[in-house]
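Single-structure report; data block below.
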Amino acid sequence: MKPTNPNASDGMWNPLLPELPERSRLYSLAPIGLGTGEIESVTSYISRLAIAHTVSTWTLLSREIGPKLFDSNPILRSRLGELVATTGSSLNGENDTSRKAVCILASLTCRTDLRHLTMAFCRGYVSSRFLVGVKQIWCPQCLAEWKAQSLPIYWPLLWQIMAVKVCPKHGIPFEKCCPVCKCSFFPVSAHTRPGYCPRCYQWLGLHDGRGSGTGAIDSIEREHAVCLSDFLRDGQRAMGMGRMEKSVFPENVELLLQSFFQGNVAALARFMKVHRSTIIGWKNRTQAPTLLLLADLSQKVRVSPEALLCRHLQSADFEVRWEAADRPPRKCFVAPPKVDLEKMRRELEEAASDNGISPASLSQIAARLGCRQTTLQRRFSELVEKVKDRYQKAQALKRQVRAKIFRSAVRSAVIDLHKAGYYPSQHRVKLEVPEFIDMRDPVAYDEWKCALAELGLLGRRSVRAAAA
């Protein structure tokens with residue numbers, strides 16, 4: 001029996017009418033740069049998908065993606081707040097949140113190629129540490145060229161990788177802060193628009209489309225950027241197709257160690273500028289290489305990263321660059337400055353014993369010391385509790401004084417208007433009280449209602465409600 005064609009008016013099969021494809025809930029937007037080193041990131045795809053529906057990124061996340069991603073309604077808004085902040089960058093990584101978000105987007109758009117927009121293809125091959133950055137970076141010259149050529153503006157996945165510091169095409173350092181408002185921002189925000197600052201909405205590329213960005217060209221950094229750009233292009237095919245059950249990186253490291261370093265782990269560690277335990281962890285499969293060290297090793301032995309991870313190499317495949325051993329080690333980020341514990345203790349003790357009407361809060365103390373509140377909480381828990389308790393008592397006293405001022409001013413205004421022969425409406429009272437008093441404030445509104453009830457200007461039901 002032939003299946004019925006829904007396009008046929010009589011419900012019978014009609015071979016002349018085409019079959020309708022599956023309908024998607026959202027627009028089936030095609031990703032940019034598939035199969036290249038400039039493939040789009042999933043955070044950029046979410047932003048462009050929101051623009052295609054003429055809504056903000058927050059609306060798309062809160063209405064379509066967030067309820068499926070976080071499930072529980074009571075915590076949805078707080079989790080979405082994390083998603084448009086520090087957690088948003090993790091969508092580009094290889095974690096469970098990233099995979100779940102990609103599955104949700106695939107079901108909403110009916111696209112099967114969205115799995116290529118994250119670093120999920122290197123799961124089990126590369127360490128998840130130091131994989132993607134928290135803040136958005138960009139090349140202003142690339143943005144200017146795309147705009148001049150009327151090409152789509154987007155954030156490539158390469159611009160999310162922590163190990164990449166310069167543009168592989170132009171060799172200039174990536175920008176991290178908006179040139180207008182001087183603010184950095186996250187890959188996902190409530191009003192993200194690729195190529196524009198989500199805070200001041202200014203264009204982030206070069207305005208004339210010519211010239212180069214700021215900063216000098218670093219040939220070593222550019223080599224690593226080109227290497228990782230090729231890794232995004234070739235690694236998808238080598239690792240993303242599931243051809244290899246596990247990485248062959250430990251075998252290749254052992255071959256390199258025996259062929260060129262006579263089995264001396266310390267010598268290879270000195271060559272790589274790492275601790276010898278890192279080399280031992282690579283050999284024993286107890287530690288996967290970070291993307292930064294993988295790119296560094298790839299440049300020093302002239303072997304592509306995907307070959308180091310997925311192909312059984314021979315000694316002839318290695319071309320060790322001994323001069324590269326003199327290079328200083330590359331780090332993902334600079335270590336934080338040392339903390340002055342005595343200074344922290346003095347600041348907290350002074351704040352805990354402050355008897356003024358406006359004691360400093362813990363966030364203000366942390367800002368003055370240049371540290372996090374969690375650092376103070378972890379090292380001086382007792383002093384922190386005293387500071388918090390004193391600050392909360394001061395704030396409670398301020399609220400009481402504020403309530404008395406509001407009630408006195410509103411009551412006086414109501415009585416004066418009534419004596420003058422005017423009905424003390426909310427609008428008239430607002431014109432009589434000082435500007436800092438908002439009649440929508442619960443305290444001011446409640447006092448206005450009580451004063452009207454005492455003057456007999458409310459109905460019986462309102463009088464009973466005010467008395468209750």
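Residue numbering restarts at 1 for every chain of the structure tokens, chains are lettered A, B, ... in their displayed order, and ligands are numbered from 1 as they appear.
Residues in contact range of stretch 23-37 of chain A, defined as at most 6 Å between only C-alpha atoms, with sequence neighbours fewer than 2 positions away removed, read Ile39, Glu40, Leu108, Thr109, Cys110, Ser229, Asp230, Leu232 and Arg233 of chain A.
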Neighbours of A:Lys430 within 12 Å (only C-alpha atoms; same-chain residues fewer than 5 positions away dropped), as a list of chain:residue names? A:Phe406, A:Ala409, A:Val410, A:Arg411, A:Ser412, A:Ala413, A:Val414, A:Leu417, A:Pro424, A:Ser425, A:Glu435, A:Phe436, A:Ile437, A:Asp438, A:Met439, A:Arg440, A:Asp441, A:Ala444, A:Tyr445, A:Trp448
Using only C-alpha atoms, which residues sit within 6 Å of stretch 170-172 of chain A once same-chain residues fewer than 2 positions away are excluded, as a PyMOL selection string? chain A and resi 166-168+217+222
Contacts of A:Ile46 at 12 Å (only C-alpha atoms; same-chain gap of 2+ positions) as a VMD selection string: chain A and resid 26 to 31 40 to 44 48 to 53 55 to 61 64 to 65 84 88 91 to 92 101 to 102 104 to 106 108 to 109 114 117 154 to 155 187 to 194
Just N, CA and C atoms for this one: save the residues we selected as a compact mmCIF listing (two decimals), in the first residue's frame.
```
# COMPACT_ATOMS: atom_id res chain seq x y z
N LEU A 26 12.67 26.83 14.27
CA LEU A 26 13.40 28.06 14.00
C LEU A 26 13.98 28.02 12.60
N TYR A 27 14.40 29.17 12.13
CA TYR A 27 14.98 29.29 10.80
C TYR A 27 16.22 28.41 10.68
N SER A 28 16.30 27.64 9.63
CA SER A 28 17.43 26.72 9.43
C SER A 28 18.62 27.49 8.88
N LEU A 29 19.25 28.27 9.75
CA LEU A 29 20.36 29.13 9.37
C LEU A 29 21.61 28.30 9.14
N ALA A 30 22.28 28.53 8.03
CA ALA A 30 23.49 27.77 7.69
C ALA A 30 24.69 28.36 8.41
N PRO A 31 25.52 27.53 9.05
CA PRO A 31 26.75 28.04 9.68
C PRO A 31 27.72 28.56 8.63
N GLU A 40 32.59 28.98 12.08
CA GLU A 40 31.88 29.80 13.06
C GLU A 40 31.77 29.09 14.40
N SER A 41 31.75 29.86 15.48
CA SER A 41 31.54 29.31 16.82
C SER A 41 30.04 29.20 17.09
N VAL A 42 29.68 28.35 18.04
CA VAL A 42 28.26 28.15 18.35
C VAL A 42 27.67 29.38 19.03
N THR A 43 28.47 30.13 19.80
CA THR A 43 27.97 31.35 20.41
C THR A 43 27.65 32.39 19.35
N SER A 44 28.47 32.46 18.30
CA SER A 44 28.17 33.36 17.19
C SER A 44 26.92 32.91 16.45
N ARG A 48 23.55 35.11 15.68
CA ARG A 48 23.04 35.34 14.32
C ARG A 48 21.64 34.75 14.17
N LEU A 49 21.36 33.66 14.87
CA LEU A 49 20.01 33.08 14.81
C LEU A 49 19.00 34.02 15.45
N ALA A 50 19.39 34.68 16.54
CA ALA A 50 18.50 35.66 17.16
C ALA A 50 18.26 36.84 16.23
N ILE A 51 19.31 37.30 15.55
CA ILE A 51 19.17 38.42 14.61
C ILE A 51 18.26 38.02 13.45
N ALA A 52 18.37 36.79 12.99
CA ALA A 52 17.53 36.33 11.88
C ALA A 52 16.05 36.33 12.25
N HIS A 53 15.74 36.19 13.54
CA HIS A 53 14.36 36.23 14.01
C HIS A 53 13.98 37.60 14.57
N VAL A 55 15.00 39.23 17.16
CA VAL A 55 14.85 39.26 18.61
C VAL A 55 16.23 39.37 19.22
N SER A 56 16.29 39.69 20.50
CA SER A 56 17.57 39.75 21.19
C SER A 56 18.05 38.34 21.53
N THR A 57 19.33 38.24 21.81
CA THR A 57 19.89 36.95 22.22
C THR A 57 19.25 36.46 23.51
N TRP A 58 18.95 37.38 24.42
CA TRP A 58 18.31 37.01 25.68
C TRP A 58 16.93 36.40 25.43
N THR A 59 16.18 36.97 24.49
CA THR A 59 14.85 36.44 24.20
C THR A 59 14.94 35.02 23.64
N LEU A 60 15.89 34.79 22.73
CA LEU A 60 16.06 33.45 22.17
C LEU A 60 16.47 32.46 23.24
N LEU A 61 17.37 32.86 24.12
CA LEU A 61 17.82 31.96 25.17
C LEU A 61 16.71 31.67 26.18
N GLU A 64 13.45 29.77 24.04
CA GLU A 64 13.62 28.52 23.28
C GLU A 64 14.72 27.61 23.82
N ILE A 65 15.89 28.16 24.10
CA ILE A 65 17.04 27.32 24.43
C ILE A 65 17.12 27.05 25.93
N VAL A 84 24.85 34.26 30.07
CA VAL A 84 25.25 35.48 29.35
C VAL A 84 26.43 36.15 30.03
N GLY A 88 28.89 31.38 29.42
CA GLY A 88 28.59 31.36 27.99
C GLY A 88 29.74 30.87 27.13
N LEU A 91 30.10 27.10 26.05
CA LEU A 91 29.34 26.52 24.94
C LEU A 91 30.23 26.18 23.76
N ASN A 92 31.37 26.87 23.64
CA ASN A 92 32.30 26.59 22.55
C ASN A 92 33.26 25.45 22.87
N ALA A 101 23.54 21.91 24.35
CA ALA A 101 23.10 23.11 23.63
C ALA A 101 23.09 22.87 22.13
N VAL A 102 24.09 22.17 21.62
CA VAL A 102 24.14 21.88 20.18
C VAL A 102 22.99 20.97 19.78
N ILE A 104 20.07 20.84 21.21
CA ILE A 104 18.85 21.65 21.23
C ILE A 104 18.76 22.51 19.98
N LEU A 105 19.87 23.13 19.60
CA LEU A 105 19.87 23.96 18.38
C LEU A 105 19.59 23.11 17.15
N ALA A 106 20.14 21.90 17.11
CA ALA A 106 19.91 21.01 15.96
C ALA A 106 18.44 20.62 15.86
N LEU A 108 15.91 22.41 16.96
CA LEU A 108 15.12 23.59 16.65
C LEU A 108 15.28 24.04 15.20
N THR A 109 16.46 23.81 14.62
CA THR A 109 16.74 24.26 13.26
C THR A 109 16.75 23.14 12.23
N LEU A 114 25.76 21.29 13.05
CA LEU A 114 26.08 22.24 14.11
C LEU A 114 27.11 21.68 15.09
N LEU A 117 30.64 23.26 15.26
CA LEU A 117 30.84 24.64 15.70
C LEU A 117 31.47 24.72 17.09
N TYR A 154 30.68 37.57 11.74
CA TYR A 154 30.49 36.51 12.73
C TYR A 154 31.74 36.39 13.59
N TRP A 155 31.66 35.57 14.64
CA TRP A 155 32.81 35.28 15.50
C TRP A 155 33.32 33.88 15.17
N PRO A 187 31.43 36.09 25.18
CA PRO A 187 30.92 35.63 23.88
C PRO A 187 29.41 35.64 23.78
N VAL A 188 28.71 35.44 24.90
CA VAL A 188 27.25 35.48 24.91
C VAL A 188 26.81 36.57 25.87
N SER A 189 26.00 37.48 25.40
CA SER A 189 25.41 38.51 26.26
C SER A 189 23.97 38.72 25.84
N ALA A 190 23.26 39.54 26.58
CA ALA A 190 21.83 39.71 26.33
C ALA A 190 21.56 40.33 24.97
N HIS A 191 22.48 41.15 24.47
CA HIS A 191 22.26 41.85 23.20
C HIS A 191 23.49 41.70 22.30
N THR A 192 23.98 40.47 22.18
CA THR A 192 25.15 40.23 21.35
C THR A 192 24.83 40.43 19.87
N ARG A 193 25.73 41.11 19.19
CA ARG A 193 25.66 41.25 17.74
C ARG A 193 27.08 41.15 17.21
N PRO A 194 27.43 40.10 16.47
CA PRO A 194 28.81 39.93 16.02
C PRO A 194 29.34 41.16 15.29
```
From a DSSP calculation on the backbone, collect every residue of stretch 39-234 of chain A in strand (DSSP E or B) and output the set as a PyMOL selection string. chain A and resi 40+123+126+132+138+156+161+166+173+175+193+196+203
Using the selection just defined, write its residues with N, CA and C atoms as a PDB file, in the first residue's frame.
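Okay, again-v3.pdb is ready:
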```pdb
ATOM      1  N   GLU A  40      32.591  28.979  12.078  1.00  0.00           N
ATOM      2  CA  GLU A  40      31.882  29.804  13.057  1.00  0.00           C
ATOM      3  C   GLU A  40      31.771  29.087  14.403  1.00  0.00           C
ATOM      4  N   ARG A 123      37.417  15.886  22.037  1.00  0.00           N
ATOM      5  CA  ARG A 123      37.174  15.288  23.357  1.00  0.00           C
ATOM      6  C   ARG A 123      37.899  13.947  23.451  1.00  0.00           C
ATOM      7  N   VAL A 126      42.435  15.993  23.522  1.00  0.00           N
ATOM      8  CA  VAL A 126      43.064  17.201  24.059  1.00  0.00           C
ATOM      9  C   VAL A 126      42.428  17.502  25.407  1.00  0.00           C
ATOM     10  N   VAL A 132      39.123  27.031  25.796  1.00  0.00           N
ATOM     11  CA  VAL A 132      38.466  28.219  25.248  1.00  0.00           C
ATOM     12  C   VAL A 132      38.556  29.347  26.267  1.00  0.00           C
ATOM     13  N   TRP A 138      38.879  39.524  19.023  1.00  0.00           N
ATOM     14  CA  TRP A 138      38.565  39.685  17.603  1.00  0.00           C
ATOM     15  C   TRP A 138      39.716  40.374  16.877  1.00  0.00           C
ATOM     16  N   PRO A 156      34.481  33.731  14.553  1.00  0.00           N
ATOM     17  CA  PRO A 156      35.011  32.383  14.274  1.00  0.00           C
ATOM     18  C   PRO A 156      35.360  31.627  15.554  1.00  0.00           C
ATOM     19  N   ILE A 161      39.565  30.282  21.033  1.00  0.00           N
ATOM     20  CA  ILE A 161      40.588  29.393  21.577  1.00  0.00           C
ATOM     21  C   ILE A 161      41.578  30.188  22.402  1.00  0.00           C
ATOM     22  N   VAL A 166      47.123  35.878  18.170  1.00  0.00           N
ATOM     23  CA  VAL A 166      47.174  36.798  17.037  1.00  0.00           C
ATOM     24  C   VAL A 166      46.341  36.235  15.894  1.00  0.00           C
ATOM     25  N   PRO A 173      47.912  41.224  16.902  1.00  0.00           N
ATOM     26  CA  PRO A 173      47.286  40.706  18.132  1.00  0.00           C
ATOM     27  C   PRO A 173      45.784  40.957  18.122  1.00  0.00           C
ATOM     28  N   GLU A 175      42.189  42.014  19.526  1.00  0.00           N
ATOM     29  CA  GLU A 175      41.684  43.038  20.432  1.00  0.00           C
ATOM     30  C   GLU A 175      40.840  42.382  21.510  1.00  0.00           C
ATOM     31  N   ARG A 193      25.730  41.111  19.185  1.00  0.00           N
ATOM     32  CA  ARG A 193      25.659  41.251  17.737  1.00  0.00           C
ATOM     33  C   ARG A 193      27.078  41.155  17.210  1.00  0.00           C
ATOM     34  N   TYR A 196      30.005  44.012  16.811  1.00  0.00           N
ATOM     35  CA  TYR A 196      29.642  45.229  17.534  1.00  0.00           C
ATOM     36  C   TYR A 196      29.765  44.988  19.035  1.00  0.00           C
ATOM     37  N   TRP A 203      30.890  49.838  16.302  1.00  0.00           N
ATOM     38  CA  TRP A 203      31.574  48.932  15.393  1.00  0.00           C
ATOM     39  C   TRP A 203      32.983  48.650  15.901  1.00  0.00           C
TER      40      TRP A 203
END
```
Give me the residues near A:Trp282 as a ChimeraX atom specification, where near means some atom within 9 Å (using only C-alpha atoms) and where sequence neighbours in that chain fewer than 3 positions away do not count. /A:249-250,253-254,277-279,285-289
Deliver the residues from the most recent selection as a file, using C-alpha atoms, as a PDB file, in the first residue's frame.
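Everything below was put into again.pdb:
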```
ATOM      1  CA  PHE A 249      49.638  10.619  21.111  1.00  0.00           C
ATOM      2  CA  PRO A 250      51.322   8.553  23.901  1.00  0.00           C
ATOM      3  CA  VAL A 253      55.632  10.810  22.344  1.00  0.00           C
ATOM      4  CA  GLU A 254      57.388   7.566  23.268  1.00  0.00           C
ATOM      5  CA  SER A 277      55.765  14.875  35.187  1.00  0.00           C
ATOM      6  CA  THR A 278      53.913  16.283  32.177  1.00  0.00           C
ATOM      7  CA  ILE A 279      55.934  14.094  29.803  1.00  0.00           C
ATOM      8  CA  ARG A 285      47.815   8.225  29.234  1.00  0.00           C
ATOM      9  CA  THR A 286      47.118   9.836  32.589  1.00  0.00           C
ATOM     10  CA  GLN A 287      47.286  13.345  31.170  1.00  0.00           C
ATOM     11  CA  ALA A 288      46.094  14.644  27.813  1.00  0.00           C
ATOM     12  CA  PRO A 289      48.027  17.524  26.224  1.00  0.00           C
TER      13      PRO A 289
END
```
Taking into account only C-alpha atoms, which residue in the set A:Leu143, A:Leu383, A:Ala360, A:Leu313 is nearest to A:Arg345?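 The closest residue to A:Arg345 is A:Leu383.
Here atom CA of A:Ser259 and atom CA of A:His224 stand 24.7 Å from one another.
Distance-wise, atom CA of A:Lys283 and atom CA of A:Met119 end up 23.5 Å apart.
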I need the alpha helix (DSSP H) residues of stretch 349-395 of chain A per DSSP on the backbone, written as a ChimeraX atom specification. /A:349-352,362-369,373-379,381-395
